[in-house]
Amino acid sequence: MKKTLNIAGKLLDLSTPQVMGILNVTPDSFFSGSRVLQIEDAYKKADKMLSEGASMLDIGGHSTRPGADAVSEEEELNRVLPVVEMLRKRFPEAIISIDTFRASVARKSIEAGAHIINDIAGGNLDPLMFETVAELNVPYILMHSRGTPQTMKELNQYDDLVTDVLRELQAKIYQLRQLGVKDIVADMGFGFAKNADQNYVLLRELRAFEALEVPLLVGVSRKSMIWRKLDITPDQSLNGTTALNTVAILNGANILRVHDVKEAIEVVKLVRLLLSKN
């Protein structure tokens with residue numbers, strides 16, 4: 001399995017799992033603690049996450065929770081570009097990911113200083129995305145999903161969940177390879193066209209996705225697969241998130257995408273100690 005990413009000419013080693021902090025420049029993301037609506041708030045949150053050990057920051061300007069309202073391209077750009085530009089200026093060593101399914105937003109964000117494209121639609125919602133990634137020559141996080149945020153809850157029928165998700169991701173990776181894309185990360189898309197029980201199957205069977213021969217990203221932080229099962233709220237879901245992040249690392253995750261960096265870094269450190277042969 002490939003365990004490095006080329007970030008603007010520098011190799012990021014993923015043999016030790018890395019932590020990606022979430023910065024949502026949106027008023028309606030499902031977890032209120034992830035929202036940063038003012039540029040200074042984004043700075044403070046980014047500073048905290050980086051000081052706690054995040055190696056990447058993921059900037060999103062369009063909520064993709066199930067049922068989320070659509071946001072115009074102009075509004076998405078107005079939200080994310082000032083944050084990307086601020087981060088590049090104030091944290092020049094930070095690795096910035098742009099969370100978008102629009103090729104135009106991805107392009108302008110990369111031009112503004114972002115390094116990675118994180119596409120929750122896996123190219124399904126913009127036919128220009130794969131060509132744009134290839135042209136920009138940047139790492140691409142390919143997430144498995146079906147439909148749109150408005151329709152995906154009804155698209156969770158699979159003949160065999162793990163096999164079907166694996167096959168659909170493999171087909172997309174083949175397309176990207178044909179275009180010359182070298183740095184690909186696979187995300188199984190927890191919560192996207194999957195119900196809660198299906199999410200747990202994917203997490204339990206995460207090792208199966210090593211067959212893709214690309215790094216694996218797991219994003220379960222504070223999601224409904226945790227709080228609905230425990231009859232709590234997203235605000236109360238940190239403990240459950242930590243438990244599932246531990247399982248993810250034990251099962252081969254290379255990147256954890258999280259709201260709470262300090263706790264995720266602790267998971268990585270403790271699992272490394274657990275698995276150490278020294």
# chains A, B, ... in the order shown; residues from 1 in each chain; ligands from 1
>>> residues_around(residues="Ser109 of chain A", least_positions_apart="2", cutoff="10 Å", atoms="only C-alpha atoms", output="ChimeraX atom specification")
/A:59,77,80-85,96-100,103-107,111-117
>>> residues_around(residues="Lys44 of chain A", least_positions_apart="3", cutoff="12 Å", atoms="only C-alpha atoms", output="PyMOL selection string")
chain A and resi 23+36-41+47-51+83+86-87+90-91
>>> closest_residue(among="A:Leu273, A:Leu238, A:Leu125, A:Met188", to="Thr148 of chain A", atoms="only C-alpha atoms")
A:Leu125
>>> residues_around(residues="segment 211-221 of chain A", least_positions_apart="6", cutoff="7 Å", atoms="only C-alpha atoms", output="short mmCIF file (atom, residue, chain, number, x, y, z; two decimals) with N, CA and C atoms, in the first residue's frame")
data_model
loop_
_atom_site.label_atom_id
_atom_site.label_comp_id
_atom_site.auth_asym_id
_atom_site.auth_seq_id
_atom_site.Cartn_x
_atom_site.Cartn_y
_atom_site.Cartn_z
N MET A 1 0.84 -1.20 0.00
CA MET A 1 0.00 0.00 0.00
C MET A 1 0.88 1.25 0.00
N LYS A 2 0.51 2.25 -0.79
CA LYS A 2 1.21 3.53 -0.81
C LYS A 2 0.89 4.28 0.48
N LYS A 3 1.92 4.72 1.18
CA LYS A 3 1.70 5.39 2.46
C LYS A 3 2.37 6.75 2.55
N GLN A 170 -12.94 1.25 -6.45
CA GLN A 170 -11.90 0.76 -7.36
C GLN A 170 -12.11 1.30 -8.77
N ILE A 184 -3.88 9.40 -4.20
CA ILE A 184 -5.30 9.18 -3.93
C ILE A 184 -5.45 8.61 -2.53
N VAL A 185 -6.43 9.12 -1.80
CA VAL A 185 -6.82 8.59 -0.50
C VAL A 185 -8.26 8.12 -0.61
N ALA A 186 -8.57 6.96 -0.07
CA ALA A 186 -9.94 6.43 -0.12
C ALA A 186 -10.64 6.65 1.21
N ASP A 187 -11.88 7.11 1.11
CA ASP A 187 -12.75 7.32 2.26
C ASP A 187 -14.02 6.52 2.00
N PHE A 190 -18.59 7.11 5.59
CA PHE A 190 -19.46 6.77 6.70
C PHE A 190 -20.61 7.78 6.80
N THR A 241 -16.83 8.87 19.79
CA THR A 241 -15.91 9.12 18.67
C THR A 241 -14.52 8.56 18.96
N ALA A 248 -10.74 2.30 14.34
CA ALA A 248 -10.30 2.64 12.98
C ALA A 248 -8.78 2.50 12.85
N ALA A 253 -6.64 2.44 9.53
CA ALA A 253 -6.83 3.81 9.04
C ALA A 253 -5.52 4.57 9.05
N ASN A 254 -5.28 5.34 8.00
CA ASN A 254 -4.07 6.16 7.90
C ASN A 254 -4.31 7.63 8.24
N ILE A 255 -5.56 8.07 8.13
CA ILE A 255 -5.93 9.45 8.46
C ILE A 255 -7.24 9.42 9.24
N LEU A 256 -7.30 10.15 10.33
CA LEU A 256 -8.55 10.37 11.05
C LEU A 256 -9.00 11.80 10.80
N ARG A 257 -10.22 11.96 10.30
CA ARG A 257 -10.79 13.29 10.09
C ARG A 257 -11.70 13.57 11.29
N VAL A 258 -11.36 14.61 12.09
CA VAL A 258 -12.00 14.76 13.39
C VAL A 258 -12.32 16.22 13.72
N HIS A 259 -13.26 16.37 14.64
CA HIS A 259 -13.55 17.68 15.23
C HIS A 259 -12.64 17.95 16.43
#
>>> closest_residue(among="A:Glu73, A:Glu135, A:Glu168, A:Asp58", to="Asn118 of chain A", atoms="only C-alpha atoms")
A:Asp58
>>> residues_around(residues="Lys10 of chain A", least_positions_apart="4", cutoff="12 Å", atoms="only C-alpha atoms", output="PDB file with N, CA, C and O atoms, in the first residue's frame")
ATOM      1  N   THR A   4       2.413   7.437   1.412  1.00  0.00           N
ATOM      2  CA  THR A   4       2.898   8.811   1.395  1.00  0.00           C
ATOM      3  C   THR A   4       1.982   9.648   0.504  1.00  0.00           C
ATOM      4  O   THR A   4       1.315   9.125  -0.387  1.00  0.00           O
ATOM      5  N   LEU A   5       1.972  10.947   0.765  1.00  0.00           N
ATOM      6  CA  LEU A   5       1.295  11.897  -0.103  1.00  0.00           C
ATOM      7  C   LEU A   5       2.282  12.998  -0.471  1.00  0.00           C
ATOM      8  O   LEU A   5       3.026  13.488   0.390  1.00  0.00           O
ATOM      9  N   ASN A   6       2.287  13.385  -1.729  1.00  0.00           N
ATOM     10  CA  ASN A   6       3.142  14.467  -2.189  1.00  0.00           C
ATOM     11  C   ASN A   6       2.403  15.787  -1.983  1.00  0.00           C
ATOM     12  O   ASN A   6       1.452  16.097  -2.696  1.00  0.00           O
ATOM     13  N   GLU A  93       3.207  26.563   7.059  1.00  0.00           N
ATOM     14  CA  GLU A  93       3.616  25.160   7.033  1.00  0.00           C
ATOM     15  C   GLU A  93       2.430  24.199   7.112  1.00  0.00           C
ATOM     16  O   GLU A  93       2.600  22.984   6.953  1.00  0.00           O
ATOM     17  N   ILE A  95      -0.847  22.033   6.229  1.00  0.00           N
ATOM     18  CA  ILE A  95      -1.411  21.374   5.046  1.00  0.00           C
ATOM     19  C   ILE A  95      -2.916  21.636   5.038  1.00  0.00           C
ATOM     20  O   ILE A  95      -3.614  21.323   5.999  1.00  0.00           O
ATOM     21  N   HIS A 115      -3.845  22.516  -0.549  1.00  0.00           N
ATOM     22  CA  HIS A 115      -2.961  21.462  -1.051  1.00  0.00           C
ATOM     23  C   HIS A 115      -3.683  20.196  -1.492  1.00  0.00           C
ATOM     24  O   HIS A 115      -3.154  19.430  -2.305  1.00  0.00           O
ATOM     25  N   VAL A 138      -2.621  17.444  -7.567  1.00  0.00           N
ATOM     26  CA  VAL A 138      -2.641  17.498  -6.099  1.00  0.00           C
ATOM     27  C   VAL A 138      -3.279  16.216  -5.563  1.00  0.00           C
ATOM     28  O   VAL A 138      -3.997  15.515  -6.287  1.00  0.00           O
ATOM     29  N   PRO A 139      -3.036  15.877  -4.285  1.00  0.00           N
ATOM     30  CA  PRO A 139      -3.697  14.715  -3.707  1.00  0.00           C
ATOM     31  C   PRO A 139      -5.208  14.877  -3.695  1.00  0.00           C
ATOM     32  O   PRO A 139      -5.728  15.988  -3.545  1.00  0.00           O
TER      33      PRO A 139
END
>>> closest_residue(among="A:Val133, A:Ala243, A:Met143, A:Ala208", to="Arg222 of chain A", atoms="only C-alpha atoms")
A:Ala243
>>> decode(residues="segment 146-178 of chain A", atoms="N, CA and C atoms", output="PDB file, in the first residue's frame")
ATOM      1  N   ARG A 146     -23.373   8.122  -2.767  1.00  0.00           N
ATOM      2  CA  ARG A 146     -24.347   8.010  -3.841  1.00  0.00           C
ATOM      3  C   ARG A 146     -25.327   9.162  -3.728  1.00  0.00           C
ATOM      4  N   GLY A 147     -25.779   9.681  -4.867  1.00  0.00           N
ATOM      5  CA  GLY A 147     -26.783  10.726  -4.863  1.00  0.00           C
ATOM      6  C   GLY A 147     -26.257  12.040  -4.332  1.00  0.00           C
ATOM      7  N   THR A 148     -27.157  12.818  -3.768  1.00  0.00           N
ATOM      8  CA  THR A 148     -26.857  14.135  -3.215  1.00  0.00           C
ATOM      9  C   THR A 148     -27.200  14.132  -1.729  1.00  0.00           C
ATOM     10  N   PRO A 149     -26.830  15.186  -0.995  1.00  0.00           N
ATOM     11  CA  PRO A 149     -27.232  15.237   0.416  1.00  0.00           C
ATOM     12  C   PRO A 149     -28.746  15.117   0.606  1.00  0.00           C
ATOM     13  N   GLN A 150     -29.499  15.528  -0.406  1.00  0.00           N
ATOM     14  CA  GLN A 150     -30.947  15.463  -0.298  1.00  0.00           C
ATOM     15  C   GLN A 150     -31.511  14.069  -0.593  1.00  0.00           C
ATOM     16  N   THR A 151     -30.761  13.228  -1.316  1.00  0.00           N
ATOM     17  CA  THR A 151     -31.304  11.925  -1.750  1.00  0.00           C
ATOM     18  C   THR A 151     -30.551  10.718  -1.202  1.00  0.00           C
ATOM     19  N   MET A 152     -29.385  10.918  -0.601  1.00  0.00           N
ATOM     20  CA  MET A 152     -28.524   9.772  -0.300  1.00  0.00           C
ATOM     21  C   MET A 152     -29.112   8.812   0.725  1.00  0.00           C
ATOM     22  N   LYS A 153     -29.989   9.286   1.595  1.00  0.00           N
ATOM     23  CA  LYS A 153     -30.550   8.391   2.614  1.00  0.00           C
ATOM     24  C   LYS A 153     -31.361   7.264   1.992  1.00  0.00           C
ATOM     25  N   GLU A 154     -31.875   7.493   0.778  1.00  0.00           N
ATOM     26  CA  GLU A 154     -32.682   6.471   0.110  1.00  0.00           C
ATOM     27  C   GLU A 154     -31.851   5.571  -0.800  1.00  0.00           C
ATOM     28  N   LEU A 155     -30.537   5.775  -0.836  1.00  0.00           N
ATOM     29  CA  LEU A 155     -29.685   5.049  -1.780  1.00  0.00           C
ATOM     30  C   LEU A 155     -28.717   4.101  -1.075  1.00  0.00           C
ATOM     31  N   ASN A 156     -29.184   3.468  -0.014  1.00  0.00           N
ATOM     32  CA  ASN A 156     -28.302   2.607   0.776  1.00  0.00           C
ATOM     33  C   ASN A 156     -28.598   1.125   0.600  1.00  0.00           C
ATOM     34  N   GLN A 157     -29.098   0.751  -0.594  1.00  0.00           N
ATOM     35  CA  GLN A 157     -29.325  -0.663  -0.876  1.00  0.00           C
ATOM     36  C   GLN A 157     -28.106  -1.243  -1.596  1.00  0.00           C
ATOM     37  N   TYR A 158     -27.567  -2.330  -1.058  1.00  0.00           N
ATOM     38  CA  TYR A 158     -26.381  -2.967  -1.626  1.00  0.00           C
ATOM     39  C   TYR A 158     -26.612  -4.477  -1.709  1.00  0.00           C
ATOM     40  N   ASP A 159     -26.060  -5.097  -2.749  1.00  0.00           N
ATOM     41  CA  ASP A 159     -26.092  -6.557  -2.806  1.00  0.00           C
ATOM     42  C   ASP A 159     -25.185  -7.132  -1.723  1.00  0.00           C
ATOM     43  N   ASP A 160     -23.981  -6.594  -1.638  1.00  0.00           N
ATOM     44  CA  ASP A 160     -23.028  -6.932  -0.584  1.00  0.00           C
ATOM     45  C   ASP A 160     -22.288  -5.645  -0.260  1.00  0.00           C
ATOM     46  N   LEU A 161     -22.507  -5.106   0.926  1.00  0.00           N
ATOM     47  CA  LEU A 161     -22.039  -3.759   1.251  1.00  0.00           C
ATOM     48  C   LEU A 161     -20.550  -3.573   0.989  1.00  0.00           C
ATOM     49  N   VAL A 162     -19.717  -4.370   1.617  1.00  0.00           N
ATOM     50  CA  VAL A 162     -18.269  -4.174   1.505  1.00  0.00           C
ATOM     51  C   VAL A 162     -17.804  -4.366   0.068  1.00  0.00           C
ATOM     52  N   THR A 163     -18.281  -5.417  -0.584  1.00  0.00           N
ATOM     53  CA  THR A 163     -17.880  -5.688  -1.968  1.00  0.00           C
ATOM     54  C   THR A 163     -18.322  -4.576  -2.897  1.00  0.00           C
ATOM     55  N   ASP A 164     -19.549  -4.094  -2.716  1.00  0.00           N
ATOM     56  CA  ASP A 164     -20.066  -3.046  -3.597  1.00  0.00           C
ATOM     57  C   ASP A 164     -19.317  -1.728  -3.414  1.00  0.00           C
ATOM     58  N   VAL A 165     -19.088  -1.340  -2.165  1.00  0.00           N
ATOM     59  CA  VAL A 165     -18.349  -0.090  -1.923  1.00  0.00           C
ATOM     60  C   VAL A 165     -16.926  -0.212  -2.447  1.00  0.00           C
ATOM     61  N   LEU A 166     -16.310  -1.355  -2.209  1.00  0.00           N
ATOM     62  CA  LEU A 166     -14.946  -1.593  -2.702  1.00  0.00           C
ATOM     63  C   LEU A 166     -14.901  -1.506  -4.219  1.00  0.00           C
ATOM     64  N   ARG A 167     -15.858  -2.137  -4.882  1.00  0.00           N
ATOM     65  CA  ARG A 167     -15.891  -2.138  -6.345  1.00  0.00           C
ATOM     66  C   ARG A 167     -16.101  -0.720  -6.890  1.00  0.00           C
ATOM     67  N   GLU A 168     -17.000   0.038  -6.278  1.00  0.00           N
ATOM     68  CA  GLU A 168     -17.276   1.385  -6.771  1.00  0.00           C
ATOM     69  C   GLU A 168     -16.078   2.314  -6.564  1.00  0.00           C
ATOM     70  N   LEU A 169     -15.386   2.167  -5.448  1.00  0.00           N
ATOM     71  CA  LEU A 169     -14.173   2.953  -5.242  1.00  0.00           C
ATOM     72  C   LEU A 169     -13.075   2.546  -6.216  1.00  0.00           C
ATOM     73  N   GLN A 170     -12.937   1.246  -6.445  1.00  0.00           N
ATOM     74  CA  GLN A 170     -11.896   0.762  -7.363  1.00  0.00           C
ATOM     75  C   GLN A 170     -12.110   1.301  -8.770  1.00  0.00           C
ATOM     76  N   ALA A 171     -13.362   1.367  -9.210  1.00  0.00           N
ATOM     77  CA  ALA A 171     -13.650   1.888 -10.552  1.00  0.00           C
ATOM     78  C   ALA A 171     -13.234   3.353 -10.666  1.00  0.00           C
ATOM     79  N   LYS A 172     -13.477   4.126  -9.608  1.00  0.00           N
ATOM     80  CA  LYS A 172     -13.094   5.543  -9.618  1.00  0.00           C
ATOM     81  C   LYS A 172     -11.566   5.689  -9.576  1.00  0.00           C
ATOM     82  N   ILE A 173     -10.913   4.860  -8.785  1.00  0.00           N
ATOM     83  CA  ILE A 173      -9.449   4.919  -8.726  1.00  0.00           C
ATOM     84  C   ILE A 173      -8.850   4.605 -10.088  1.00  0.00           C
ATOM     85  N   TYR A 174      -9.436   3.646 -10.795  1.00  0.00           N
ATOM     86  CA  TYR A 174      -8.953   3.318 -12.138  1.00  0.00           C
ATOM     87  C   TYR A 174      -9.086   4.535 -13.064  1.00  0.00           C
ATOM     88  N   GLN A 175     -10.229   5.225 -13.015  1.00  0.00           N
ATOM     89  CA  GLN A 175     -10.424   6.416 -13.843  1.00  0.00           C
ATOM     90  C   GLN A 175      -9.370   7.477 -13.523  1.00  0.00           C
ATOM     91  N   LEU A 176      -9.127   7.680 -12.235  1.00  0.00           N
ATOM     92  CA  LEU A 176      -8.146   8.687 -11.827  1.00  0.00           C
ATOM     93  C   LEU A 176      -6.744   8.308 -12.279  1.00  0.00           C
ATOM     94  N   ARG A 177      -6.405   7.031 -12.150  1.00  0.00           N
ATOM     95  CA  ARG A 177      -5.080   6.576 -12.590  1.00  0.00           C
ATOM     96  C   ARG A 177      -4.903   6.779 -14.094  1.00  0.00           C
ATOM     97  N   GLN A 178      -5.960   6.533 -14.842  1.00  0.00           N
ATOM     98  CA  GLN A 178      -5.883   6.717 -16.289  1.00  0.00           C
ATOM     99  C   GLN A 178      -5.615   8.173 -16.657  1.00  0.00           C
TER     100      GLN A 178
END
